[in-house]
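Engineer: Sharing run_18.txt, compact mmCIF, C-alpha atoms:
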# COMPACT_ATOMS: atom_id res chain seq x y z
CA ASN A 1 -7.73 -21.84 30.70
CA ARG A 2 -8.29 -18.56 32.50
CA THR A 3 -5.81 -16.63 30.40
CA GLU A 4 -7.44 -17.57 27.12
CA LEU A 5 -10.88 -16.83 28.55
CA GLU A 6 -9.65 -13.32 29.38
CA TRP A 7 -8.09 -12.92 25.94
CA LEU A 8 -11.28 -13.93 24.15
CA GLY A 9 -13.80 -12.42 26.56
CA TYR A 10 -15.68 -15.61 27.38
CA GLN A 11 -16.89 -17.18 30.63
CA LYS A 12 -15.99 -20.80 31.24
CA ASP A 13 -19.61 -21.90 30.89
CA ASP A 14 -19.52 -20.45 27.35
CA VAL A 15 -16.77 -22.81 26.24
CA ILE A 16 -17.11 -26.05 28.25
CA GLY A 17 -18.19 -28.84 25.94
CA ARG A 18 -17.34 -26.99 22.76
CA ASP A 19 -14.64 -27.93 20.26
CA PHE A 20 -11.55 -25.69 20.26
CA ARG A 21 -11.96 -25.39 16.48
CA ASP A 22 -15.21 -23.47 17.07
CA PHE A 23 -13.09 -20.57 18.29
CA VAL A 24 -10.73 -20.57 15.27
CA SER A 25 -11.61 -18.24 12.40
CA PRO A 26 -12.94 -20.01 9.28
CA GLU A 27 -10.09 -18.57 7.22
CA THR A 28 -7.39 -20.17 9.41
CA ARG A 29 -9.22 -23.33 10.49
CA ALA A 30 -8.00 -25.41 7.54
CA GLY A 31 -4.41 -24.44 8.33
CA LEU A 32 -4.88 -25.53 11.93
CA ASP A 33 -6.35 -28.88 10.82
CA SER A 34 -3.45 -29.45 8.44
CA ALA A 35 -0.92 -28.58 11.15
CA PHE A 36 -2.62 -30.93 13.60
CA ARG A 37 -2.24 -33.82 11.15
CA ASP A 38 1.44 -32.92 10.89
CA PHE A 39 1.65 -32.81 14.70
CA ILE A 40 0.42 -36.37 14.93
CA GLU A 41 2.99 -37.58 12.42
CA GLY A 42 5.86 -35.65 13.96
CA HIS A 43 4.57 -35.55 17.56
CA GLU A 44 5.20 -31.78 17.77
CA GLY A 45 5.03 -28.56 15.82
CA SER A 46 3.62 -25.03 15.66
CA VAL A 47 1.05 -23.07 13.69
CA GLU A 48 -0.37 -19.54 13.54
CA CYS A 49 -4.10 -18.90 13.40
CA GLU A 50 -6.79 -16.43 14.50
CA LEU A 51 -9.10 -16.96 17.45
CA LEU A 52 -12.61 -15.51 17.51
CA CYS A 53 -13.28 -13.20 20.45
CA HIS A 54 -16.67 -12.81 22.10
CA ASP A 55 -16.97 -9.21 20.84
CA GLY A 56 -16.31 -10.21 17.23
CA GLU A 57 -12.65 -9.20 17.15
CA ARG A 58 -9.94 -11.64 16.07
CA LEU A 59 -6.87 -12.51 18.09
CA PRO A 60 -3.74 -13.65 16.19
CA VAL A 61 -2.01 -16.47 18.05
CA ALA A 62 0.75 -19.03 17.66
CA ILE A 63 0.16 -22.54 18.95
CA GLU A 64 3.06 -24.79 19.87
CA ALA A 65 1.94 -28.33 20.53
CA THR A 66 3.19 -31.77 21.42
CA VAL A 67 1.11 -34.86 20.79
CA GLN A 68 1.09 -37.91 23.02
CA ILE A 69 0.76 -41.08 20.99
CA THR A 70 1.10 -44.61 22.41
CA GLU A 71 0.72 -48.08 20.97
CA ASN A 72 -3.00 -47.56 21.44
CA GLY A 73 -2.95 -44.49 19.20
CA TYR A 74 -3.56 -40.79 19.86
CA GLN A 75 -3.97 -39.92 23.54
CA TYR A 76 -3.91 -36.13 23.93
CA THR A 77 -2.37 -32.84 22.81
CA ARG A 78 -0.53 -30.43 25.04
CA ALA A 79 -0.41 -26.92 23.61
CA ILE A 80 0.92 -23.50 24.52
CA VAL A 81 -0.85 -20.53 22.92
CA PHE A 82 0.98 -17.23 22.42
CA ASP A 83 -0.74 -13.88 21.83
CA LEU A 84 0.79 -12.41 18.64
CA THR A 85 -1.03 -9.06 18.71
CA GLU A 86 2.04 -6.96 19.45
CA ARG A 87 4.24 -8.89 17.05
CA LYS A 88 1.69 -8.51 14.26
CA ARG A 89 1.41 -4.79 15.00
CA ILE A 90 5.17 -4.39 14.73
CA GLU A 91 5.30 -6.48 11.55
CA GLN A 92 2.58 -4.35 9.98
CA LEU A 93 4.40 -1.17 11.04
CA LEU A 94 7.64 -2.40 9.46
CA ILE A 95 5.84 -3.29 6.24
CA GLN A 96 4.23 0.14 6.17
CA GLN A 97 7.55 1.87 6.81
CA SER A 98 9.24 -0.14 4.05
CA MET A 99 6.63 1.10 1.56
CA THR A 100 6.36 4.73 2.69
CA ASP A 101 8.41 7.76 1.74
CA PRO A 102 9.39 9.28 5.12
CA LEU A 103 9.49 12.90 3.90
CA THR A 104 6.04 13.13 2.31
CA GLY A 105 4.20 10.18 3.81
CA LEU A 106 3.32 8.96 0.31
CA GLY A 107 3.94 5.46 -0.94
CA ASN A 108 7.37 4.76 -2.39
CA ARG A 109 8.50 2.87 -5.51
CA ARG A 110 8.03 -0.50 -3.81
CA TYR A 111 4.49 0.43 -2.81
CA LEU A 112 3.72 1.55 -6.37
CA LYS A 113 4.88 -1.82 -7.73
CA THR A 114 2.82 -3.74 -5.20
CA GLN A 115 -0.33 -1.75 -5.95
CA ALA A 116 0.26 -1.91 -9.70
CA ASP A 117 0.46 -5.71 -9.63
CA MET A 118 -2.92 -5.88 -7.89
CA ASP A 119 -4.57 -3.17 -9.99
CA MET A 120 -3.38 -4.65 -13.28
CA ALA A 121 -4.75 -8.04 -12.25
CA ARG A 122 -8.07 -6.39 -11.34
CA ALA A 123 -8.16 -4.55 -14.66
CA ARG A 124 -7.62 -7.83 -16.52
CA ARG A 125 -10.63 -9.33 -14.74
CA THR A 126 -12.97 -6.36 -15.04
CA GLY A 127 -11.87 -4.70 -18.26
CA HIS A 128 -11.81 -1.32 -16.52
CA PRO A 129 -9.20 1.20 -17.73
CA LEU A 130 -6.08 2.03 -15.75
CA SER A 131 -3.87 5.07 -16.28
CA LEU A 132 -0.53 6.36 -15.07
CA ILE A 133 0.74 9.90 -14.54
CA MET A 134 4.42 10.66 -14.06
CA VAL A 135 5.22 14.04 -12.48
CA ASP A 136 8.50 15.89 -12.16
CA LEU A 137 8.92 19.24 -10.41
CA ASP A 138 10.52 21.77 -12.75
CA HIS A 139 13.96 23.28 -12.06
CA PHE A 140 14.02 21.70 -8.61
CA LYS A 141 17.82 21.99 -8.36
CA ARG A 142 17.45 25.76 -8.65
CA ILE A 143 15.07 25.73 -5.69
CA ASN A 144 17.55 23.76 -3.58
CA ASP A 145 20.42 26.03 -4.63
CA ALA A 146 18.50 29.25 -3.99
CA TYR A 147 16.64 28.36 -0.81
CA GLY A 148 18.49 25.38 0.66
CA HIS A 149 17.62 21.70 0.85
CA ASP A 150 15.39 22.13 3.90
CA ASN A 151 13.15 24.47 1.96
CA GLY A 152 13.41 22.17 -1.04
CA ASP A 153 11.96 19.48 1.21
CA ARG A 154 9.13 21.85 2.12
CA VAL A 155 8.33 22.25 -1.57
CA LEU A 156 8.15 18.47 -1.98
CA GLN A 157 5.83 18.26 1.01
CA ALA A 158 3.71 21.13 -0.29
CA PHE A 159 3.34 19.45 -3.67
CA SER A 160 2.35 16.19 -1.95
CA ASP A 161 -0.32 17.98 0.08
CA THR A 162 -1.69 19.80 -2.96
CA ALA A 163 -1.72 16.63 -5.05
CA ARG A 164 -3.51 14.66 -2.32
CA GLN A 165 -6.34 17.18 -2.41
CA GLN A 166 -6.74 16.85 -6.18
CA PHE A 167 -6.57 13.10 -6.57
CA ARG A 168 -9.20 10.66 -5.35
CA GLU A 169 -8.66 8.61 -2.22
CA GLU A 170 -8.43 5.43 -4.31
CA ASP A 171 -5.70 6.85 -6.59
CA VAL A 172 -2.20 5.64 -5.78
CA LEU A 173 0.08 8.67 -5.34
CA CYS A 174 3.75 7.84 -4.74
CA ARG A 175 7.09 9.60 -4.55
CA ILE A 176 9.45 7.36 -6.47
CA GLY A 177 12.65 9.37 -6.10
CA GLY A 178 13.96 12.91 -5.73
CA GLU A 179 11.39 15.30 -7.19
CA GLU A 180 9.68 12.58 -9.23
CA PHE A 181 6.20 11.27 -8.46
CA ALA A 182 3.87 8.70 -9.99
CA VAL A 183 0.10 8.33 -9.81
CA LEU A 184 -1.84 5.19 -10.67
CA LEU A 185 -5.48 6.00 -11.46
CA ARG A 186 -8.01 3.20 -11.26
CA GLU A 187 -10.97 3.03 -13.64
CA THR A 188 -9.61 6.06 -15.49
CA THR A 189 -8.93 6.47 -19.20
CA SER A 190 -5.87 8.35 -20.40
CA GLU A 191 -8.15 11.17 -21.58
CA GLN A 192 -9.62 11.49 -18.09
CA ALA A 193 -6.12 11.27 -16.59
CA MET A 194 -5.02 14.19 -18.80
CA LYS A 195 -7.79 16.38 -17.38
CA ILE A 196 -6.90 15.35 -13.83
CA ALA A 197 -3.22 16.12 -14.44
CA GLU A 198 -4.13 19.53 -15.82
CA ARG A 199 -6.21 20.23 -12.71
CA VAL A 200 -3.22 19.38 -10.51
CA ARG A 201 -0.93 21.53 -12.67
CA GLU A 202 -3.23 24.51 -12.17
CA ALA A 203 -3.54 23.85 -8.43
CA ILE A 204 0.23 24.10 -8.08
CA HIS A 205 0.12 27.61 -9.56
CA ASN A 206 -2.44 28.60 -6.94
CA HIS A 207 -0.47 27.19 -4.00
CA PRO A 208 3.05 28.66 -3.77
CA VAL A 209 5.12 27.57 -0.79
CA CYS A 210 5.28 30.09 2.04
CA LEU A 211 8.64 30.37 3.79
CA GLY A 212 7.66 33.24 6.02
CA GLU A 213 5.68 36.45 5.97
CA SER A 214 7.39 37.82 2.88
CA THR A 215 8.89 34.84 1.04
CA LEU A 216 6.95 32.67 -1.38
CA ILE A 217 8.37 29.98 -3.64
CA ASP A 218 6.49 29.65 -6.91
CA TYR A 219 7.14 26.33 -8.60
CA THR A 220 5.76 24.30 -11.49
CA ALA A 221 5.66 20.68 -12.58
CA SER A 222 5.59 18.71 -15.82
CA PHE A 223 3.30 15.72 -16.38
CA GLY A 224 3.46 12.64 -18.60
CA VAL A 225 0.29 10.58 -19.03
CA THR A 226 -0.32 7.13 -20.49
CA SER A 227 -2.78 4.27 -20.32
CA VAL A 228 -1.70 1.06 -18.62
CA ASP A 229 -2.05 -2.19 -20.55
CA PRO A 230 -3.06 -4.78 -17.93
CA ASP A 231 -1.81 -7.61 -20.15
CA GLU A 232 1.77 -6.38 -19.83
CA SER A 233 3.91 -8.25 -17.32
CA SER A 234 4.51 -5.24 -15.08
CA LEU A 235 4.06 -1.48 -14.81
CA THR A 236 7.53 -0.89 -16.29
CA PRO A 237 6.42 -0.42 -19.94
CA ALA A 238 3.77 2.10 -18.86
CA ILE A 239 6.36 3.98 -16.80
CA LYS A 240 8.60 4.18 -19.87
CA ARG A 241 5.74 5.55 -21.98
CA ALA A 242 4.76 8.11 -19.37
CA ASP A 243 8.41 9.10 -18.96
CA SER A 244 8.64 9.67 -22.73
CA ALA A 245 5.67 12.02 -22.51
CA LEU A 246 7.20 13.69 -19.45
CA TYR A 247 10.51 14.26 -21.25
CA GLU A 248 8.55 15.79 -24.13
CA ALA A 249 6.85 18.15 -21.67
CA LYS A 250 10.26 19.17 -20.36
CA ALA A 251 11.64 19.68 -23.88
CA GLU A 252 8.64 21.82 -24.87
CA GLY A 253 9.20 24.25 -22.01
CA ARG A 254 7.93 22.51 -18.86
CA ASP A 255 4.80 23.32 -16.83
CA GLN A 256 2.53 21.31 -19.08
CA VAL A 257 0.74 17.99 -19.53
CA VAL A 258 1.71 15.65 -22.34
CA THR A 259 0.11 12.29 -23.06
CA TYR A 260 1.47 9.23 -24.83
CA VAL A 261 -1.20 7.44 -26.84
CA ALA A 262 -0.63 4.72 -29.48
CA GLU A 263 2.86 5.86 -30.43
CA ARG A 264 1.66 9.49 -30.58
CA ILE A 265 2.51 12.19 -28.07
CA GLU A 266 -0.08 14.92 -27.60
CA ASN A 267 0.45 18.18 -25.75
CA ILE A 268 -2.60 19.73 -24.10
CA GLN A 269 -1.01 22.64 -22.25
CA THR A 270 1.71 25.08 -23.20
Please express the file's structure as structure tokens.
Structural biologist:
Amino acid sequence: NRTELEWLGYQKDDVIGRDFRDFVSPETRAGLDSAFRDFIEGHEGSVECELLCHDGERLPVAIEATVQITENGYQYTRAIVFDLTERKRIEQLLIQQSMTDPLTGLGNRRYLKTQADMDMARARRTGHPLSLIMVDLDHFKRINDAYGHDNGDRVLQAFSDTARQQFREEDVLCRIGGEEFAVLLRETTSEQAMKIAERVREAIHNHPVCLGESTLIDYTASFGVTSVDPDESSLTPAIKRADSALYEAKAEGRDQVVTYVAERIENIQT
């Protein structure tokens, strides 16, 4: 009909004589075929799929259909097609919001878990190393007490900005609570992760937080590093190992990188 022609960018001569399935994306065509078989058995139903636009874009739609069947068998299908573009946009926005820390714009704990599940599966297939860095800002309560929580938030944002510049785009940097952060590093050994963590530690020293023309907040952070075993059931054991190294960094005076390797904790910066 005219509406669908406008949606997809076709002229009627482009579509007359062609099967409707020709305009369904290959990835969703099997689902449409399966739903149609169900329609015939139940005489009605609905399905979501993607339609192929003339310009190469894809249009998400929902199809609600009723099937006319008589004693002579299948006669015709009557369908209503709904454009789901706005609904899909809102759904994607809600998913993004549920996995994003609103203060820093980084991923949150849920996002870290989701990415870890995928990255650990990839590491099992490829054999590539995977590492984890846990980060905790030192004496953060003192910053909040001395400068107020609003300025404490500015420190968290400043750390996030500095860390983004030091890590690669493909690294997964998340704020997982309070002043605690986690970084999942793909195709990175724990030795490489130690060097990266040290680079971030030094960058923090070079980027104090400016609260005005005459006020600077100098802050530091402690780092715990470990390798991730992709055969483990989740990221939780790696988090515990990295936390152990992080606690060691705190106990040894903070502002340093400590790694956990094969039941041995090594300190590379004091």
Engineer: If we draw a sphere of 10 Å around (-7.0, 8.9, -18.5), which residues have at least one atom in it when counting all atoms listed in the file? Please report them as a PyMOL selection string.
Structural biologist: chain A and resi 129-133+185-197+225-228+259
Engineer: Determine, counting all atoms listed in the file, which protein, DNA and RNA residues have an atom within 12 Å of an atom of Thr66 (chain A); residues of the same chain fewer than 3 positions away are not included. Present the result as a PyMOL selection string.
Structural biologist: chain A and resi 35-47+63+69+74-80
Engineer: Tell me which residues come within 10 Å of (5.1, 26.8, 7.0), as JSON, numbers by chain, counting only C-alpha atoms in the file's coordinates.
Structural biologist: {"A": [151, 154, 158, 209, 210, 211, 212, 213]}
Engineer: In Å, with one decimal, what is the gap from CA of Ser244 (chain A) to CA of Gly224 (chain A)?
Structural biologist: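 Distance between the two atoms: 7.3 Å.
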Engineer: Identify which of the residues A:Glu179, A:Glu27, A:Asp231, A:Asp33 lies closest to Val135 (chain A), counting all atoms listed in the file when measuring atom-to-atom distances.
Structural biologist: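 Going through A:Glu179, A:Glu27, A:Asp231, A:Asp33 one by one, the smallest distance to Val135 (chain A) is for A:Glu179.
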Engineer: When you look at Ile176 (chain A) with a cut-off of 9 Å (counting all atoms listed in the file), what residues show up, excluding the ones that are within fewer than 4 positions of it in the same chain? I need them as a VMD selection string.
Structural biologist: chain A and resid 101 107 to 110 112 180 to 182
Engineer: Kindly give the distance, in Å, that separates CA of Thr3 (chain A) and CA of Cys49 (chain A), rounded to a single decimal.
Structural biologist: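 CA of Cys49 (chain A) lies 17.2 Å from CA of Thr3 (chain A).
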Engineer: When you draw a straight line from CA of Asp55 (chain A) to CA of Ser25 (chain A), how long is it in Å?
Structural biologist: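 Interatomic distance, CA of Asp55 (chain A) to CA of Ser25 (chain A): 13.5 Å.
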Engineer: Name the closest residue to Arg175 (chain A) among the candidates A:Ala121, A:Met134, A:Ala221, A:Leu106; distances are taken between atoms, counting only C-alpha atoms.
Structural biologist: A:Leu106
Engineer: Reconstruct region 158-170 of chain A at the level of N, CA and C atoms, and format the result as a PDB file, in the frame of the given file.
Structural biologist:
ATOM      1  N   ALA A 158       4.830  20.296   0.160  1.00  0.00           N
ATOM      2  CA  ALA A 158       3.710  21.130  -0.290  1.00  0.00           C
ATOM      3  C   ALA A 158       3.067  20.540  -1.540  1.00  0.00           C
ATOM      4  N   PHE A 159       3.905  20.084  -2.478  1.00  0.00           N
ATOM      5  CA  PHE A 159       3.340  19.450  -3.670  1.00  0.00           C
ATOM      6  C   PHE A 159       2.531  18.221  -3.289  1.00  0.00           C
ATOM      7  N   SER A 160       3.056  17.404  -2.379  1.00  0.00           N
ATOM      8  CA  SER A 160       2.350  16.190  -1.950  1.00  0.00           C
ATOM      9  C   SER A 160       0.995  16.533  -1.365  1.00  0.00           C
ATOM     10  N   ASP A 161       0.950  17.577  -0.534  1.00  0.00           N
ATOM     11  CA  ASP A 161      -0.320  17.980   0.080  1.00  0.00           C
ATOM     12  C   ASP A 161      -1.308  18.477  -0.971  1.00  0.00           C
ATOM     13  N   THR A 162      -0.810  19.291  -1.904  1.00  0.00           N
ATOM     14  CA  THR A 162      -1.690  19.800  -2.960  1.00  0.00           C
ATOM     15  C   THR A 162      -2.208  18.670  -3.832  1.00  0.00           C
ATOM     16  N   ALA A 163      -1.326  17.738  -4.197  1.00  0.00           N
ATOM     17  CA  ALA A 163      -1.720  16.630  -5.050  1.00  0.00           C
ATOM     18  C   ALA A 163      -2.742  15.728  -4.360  1.00  0.00           C
ATOM     19  N   ARG A 164      -2.548  15.488  -3.070  1.00  0.00           N
ATOM     20  CA  ARG A 164      -3.510  14.660  -2.320  1.00  0.00           C
ATOM     21  C   ARG A 164      -4.922  15.222  -2.427  1.00  0.00           C
ATOM     22  N   GLN A 165      -5.033  16.533  -2.376  1.00  0.00           N
ATOM     23  CA  GLN A 165      -6.340  17.180  -2.410  1.00  0.00           C
ATOM     24  C   GLN A 165      -6.999  17.070  -3.782  1.00  0.00           C
ATOM     25  N   GLN A 166      -6.205  16.897  -4.827  1.00  0.00           N
ATOM     26  CA  GLN A 166      -6.740  16.850  -6.180  1.00  0.00           C
ATOM     27  C   GLN A 166      -7.072  15.437  -6.642  1.00  0.00           C
ATOM     28  N   PHE A 167      -6.311  14.482  -6.171  1.00  0.00           N
ATOM     29  CA  PHE A 167      -6.570  13.100  -6.570  1.00  0.00           C
ATOM     30  C   PHE A 167      -7.608  12.460  -5.661  1.00  0.00           C
ATOM     31  N   ARG A 168      -8.228  11.392  -6.148  1.00  0.00           N
ATOM     32  CA  ARG A 168      -9.200  10.660  -5.350  1.00  0.00           C
ATOM     33  C   ARG A 168      -8.492   9.810  -4.312  1.00  0.00           C
ATOM     34  N   GLU A 169      -9.231   9.432  -3.284  1.00  0.00           N
ATOM     35  CA  GLU A 169      -8.660   8.610  -2.220  1.00  0.00           C
ATOM     36  C   GLU A 169      -8.146   7.286  -2.765  1.00  0.00           C
ATOM     37  N   GLU A 170      -8.821   6.741  -3.790  1.00  0.00           N
ATOM     38  CA  GLU A 170      -8.430   5.430  -4.310  1.00  0.00           C
ATOM     39  C   GLU A 170      -7.255   5.508  -5.289  1.00  0.00           C
TER      40      GLU A 170
END
